[in-house]
>>> print(open('run02.csv').read())   # CSV, C-alpha atoms
chain,number,residue,atom,x,y,z
A,1090,MET,CA,5.1,19.2,6.4
A,1091,ALA,CA,6.7,19.5,2.9
A,1092,PRO,CA,10.3,19.5,4.3
A,1093,ALA,CA,9.5,16.2,6.1
A,1094,GLY,CA,9.2,14.4,2.8
A,1095,GLN,CA,5.6,15.2,1.9
A,1096,VAL,CA,4.5,13.7,-1.5
A,1097,TRP,CA,1.4,14.9,-3.4
A,1098,SER,CA,-0.3,12.7,-5.9
A,1099,THR,CA,-3.5,11.9,-7.7
A,1100,ILE,CA,-5.8,8.9,-7.3
A,1101,THR,CA,-4.8,7.7,-10.8
A,1102,ASP,CA,-1.1,7.9,-10.1
A,1103,LEU,CA,-1.5,6.1,-6.8
A,1104,GLY,CA,-3.6,3.4,-8.7
A,1105,ARG,CA,-0.7,3.0,-11.1
A,1106,TYR,CA,1.7,2.7,-8.1
A,1107,ALA,CA,-0.6,0.1,-6.5
A,1108,ALA,CA,-0.6,-1.9,-9.8
A,1109,PHE,CA,3.2,-1.7,-9.8
A,1110,LEU,CA,3.4,-3.0,-6.2
A,1111,ALA,CA,1.0,-5.8,-7.0
A,1112,ALA,CA,2.6,-7.0,-10.2
A,1113,GLY,CA,6.0,-5.4,-10.4
A,1114,ASP,CA,7.9,-4.3,-13.5
A,1115,ASP,CA,11.5,-5.5,-14.0
A,1116,ASP,CA,12.3,-2.4,-16.1
A,1117,VAL,CA,11.7,-0.3,-13.0
A,1118,LEU,CA,12.7,-2.5,-10.1
A,1119,PRO,CA,13.4,-6.3,-10.0
A,1120,TRP,CA,10.7,-8.4,-8.4
A,1121,SER,CA,13.2,-9.9,-6.0
A,1122,THR,CA,13.9,-6.4,-4.7
A,1123,LEU,CA,10.1,-5.7,-4.2
A,1124,GLU,CA,9.9,-9.1,-2.3
A,1125,GLU,CA,12.8,-8.1,-0.1
A,1126,MET,CA,11.2,-4.7,0.7
A,1127,ALA,CA,8.0,-6.6,1.7
A,1128,THR,CA,9.8,-8.9,4.1
A,1129,PRO,CA,9.2,-8.0,7.8
A,1130,GLN,CA,12.2,-6.2,9.2
A,1131,ALA,CA,10.8,-4.6,12.3
A,1132,GLY,CA,7.9,-5.1,14.7
A,1133,SER,CA,7.2,-7.0,17.9
A,1134,ARG,CA,7.1,-10.7,18.1
A,1135,ALA,CA,3.5,-10.5,19.4
A,1136,GLY,CA,2.3,-8.2,16.7
A,1137,GLY,CA,4.3,-9.8,13.9
A,1138,LEU,CA,1.5,-11.7,12.4
A,1139,ALA,CA,-0.9,-8.7,12.3
A,1140,SER,CA,1.5,-5.9,11.1
A,1141,ALA,CA,5.1,-5.1,10.7
A,1142,HIS,CA,7.5,-2.9,8.7
A,1143,GLY,CA,9.6,-3.9,5.7
A,1144,LEU,CA,12.1,-1.8,3.9
A,1145,GLY,CA,10.0,1.3,3.2
A,1146,PHE,CA,6.7,-0.6,3.4
A,1147,GLN,CA,4.1,-1.0,6.1
A,1148,LEU,CA,3.0,-4.7,6.1
A,1149,ALA,CA,-0.4,-5.8,7.3
A,1150,ARG,CA,-2.3,-9.2,7.3
A,1151,GLY,CA,-5.1,-9.1,4.7
A,1152,GLY,CA,-6.1,-10.2,1.3
A,1153,ALA,CA,-4.4,-13.5,0.3
A,1154,GLY,CA,-1.8,-13.1,3.1
A,1155,MET,CA,0.4,-10.0,3.7
A,1156,LEU,CA,-0.4,-6.7,2.1
A,1157,HIS,CA,2.4,-4.1,1.6
A,1158,GLY,CA,2.2,-0.4,1.0
A,1159,HIS,CA,2.0,2.7,3.2
A,1160,THR,CA,-0.3,5.3,4.6
A,1161,GLY,CA,0.4,9.0,4.6
A,1162,SER,CA,-1.1,12.4,5.6
A,1163,MET,CA,-0.7,16.1,5.3
A,1164,PRO,CA,-2.7,18.7,7.2
A,1165,GLY,CA,-6.4,18.0,6.4
A,1166,PHE,CA,-5.9,14.9,4.2
A,1167,LEU,CA,-5.2,11.1,4.6
A,1168,ALA,CA,-4.0,8.5,2.1
A,1169,GLY,CA,-3.3,4.8,1.9
A,1170,CYS,CA,-2.0,2.6,-0.8
A,1171,PHE,CA,-1.7,-1.2,-0.3
A,1172,ALA,CA,-1.1,-4.1,-2.7
A,1173,ASP,CA,-1.8,-7.9,-2.5
A,1174,PRO,CA,0.8,-9.4,-4.9
A,1175,VAL,CA,-0.7,-12.9,-4.6
A,1176,ARG,CA,-4.1,-11.7,-5.9
A,1177,ARG,CA,-2.4,-9.0,-8.0
A,1178,THR,CA,-4.8,-6.4,-6.6
A,1179,GLY,CA,-4.4,-3.1,-4.8
A,1180,ALA,CA,-6.4,-0.5,-2.9
A,1181,VAL,CA,-5.9,3.3,-2.8
A,1182,VAL,CA,-7.7,5.5,-0.3
A,1183,LEU,CA,-7.8,9.3,-0.2
A,1184,ALA,CA,-9.9,11.0,2.5
A,1185,ASN,CA,-10.5,14.2,4.3
A,1186,GLY,CA,-8.5,14.4,7.5
A,1187,THR,CA,-11.6,14.8,9.7
A,1188,VAL,CA,-13.3,11.6,8.5
A,1189,GLY,CA,-11.7,9.6,11.4
A,1190,MET,CA,-10.8,6.5,9.3
A,1191,ARG,CA,-7.7,4.3,9.2
A,1192,CYS,CA,-6.3,4.5,5.7
A,1193,GLU,CA,-5.2,0.9,5.8
A,1194,GLY,CA,-8.7,0.0,6.7
A,1195,LEU,CA,-10.0,-0.6,3.1
A,1196,PRO,CA,-7.5,-3.3,2.1
A,1197,VAL,CA,-7.1,-4.8,5.5
A,1198,ASP,CA,-10.7,-4.8,6.8
A,1199,ARG,CA,-12.4,-5.6,3.5
A,1200,PRO,CA,-10.2,-8.2,1.8
A,1201,LYS,CA,-13.0,-9.8,-0.1
A,1202,THR,CA,-14.0,-6.6,-1.8
A,1203,ILE,CA,-12.0,-5.8,-4.9
A,1204,TYR,CA,-12.0,-2.4,-6.4
A,1205,ALA,CA,-10.5,-2.1,-9.9
A,1206,LEU,CA,-9.1,1.0,-11.4
A,1207,ASP,CA,-8.2,0.9,-15.1
A,1208,VAL,CA,-4.9,2.9,-15.2
A,1209,ASP,CA,-4.1,2.4,-18.9
>>> encode(input="run02.csv", output="structure tokens")
Amino acid sequence: MAPAGQVWSTITDLGRYAAFLAAGDDDVLPWSTLEEMATPQAGSRAGGLASAHGLGFQLARGGAGMLHGHTGSMPGFLAGCFADPVRRTGAVVLANGTVGMRCEGLPVDRPKTIYALDVD
């Protein structure tokens, strides 16, 4: 899988990335570019309100509107990282590949539950 673009990370680093996606940092990437990346570019008309794809992001209805982020996997492991820029929150999920869960499930299915990770 590594030649296909596999990325390995820690829960702390993914938490930092979720914080970046939720609040931005103009020294890294202008907020206007993050907004453009989180604008639906592909998806069906019927499913457009439930989920879509932006420029490098998966988009899903949840939280205060539309969440953006992405899921990922490698043999035996699953991951998900989504942010809600309106509420300035994010969710990171790491799981064993045999658990049978949707990695976008935490932020999408449980939008009223906020999990905080202090990444400072």
>>> closest_residue(input="run02.csv", among="A:Leu1103, A:Ser1140, A:Met1126, A:Leu1156", to="Arg1177 (chain A)", atoms="all atoms listed in the file")
A:Leu1156
>>> closest_residue(input="run02.csv", among="A:Pro1119, A:Pro1129, A:Gly1186, A:Gly1104", to="Ala1172 (chain A)", atoms="all atoms listed in the file")
A:Gly1104
>>> closest_residue(input="run02.csv", among="A:Val1175, A:Val1117, A:Val1182, A:Val1188", to="Ala1153 (chain A)", atoms="all atoms listed in the file")
A:Val1175
>>> atom_distance(input="run02.csv", atom1="CA of Arg1105 (chain A)", atom2="CA of Ser1162 (chain A)")
19.2 Å
>>> closest_residue(input="run02.csv", among="A:Asn1185, A:Ala1107, A:Glu1125, A:Arg1176", to="Pro1164 (chain A)", atoms="all atoms listed in the file")
A:Asn1185
>>> atom_distance(input="run02.csv", atom1="CA of Gly1158 (chain A)", atom2="CA of Thr1187 (chain A)")
22.3 Å
>>> atom_distance(input="run02.csv", atom1="CA of Val1096 (chain A)", atom2="CA of Gln1147 (chain A)")
16.6 Å
>>> closest_residue(input="run02.csv", among="A:Thr1160, A:Ala1168, A:Pro1174, A:Gly1179", to="Gly1113 (chain A)", atoms="all atoms listed in the file")
A:Pro1174
>>> closest_residue(input="run02.csv", among="A:Ala1108, A:Ile1100, A:Leu1118, A:Met1155", to="Val1181 (chain A)", atoms="all atoms listed in the file")
A:Ile1100
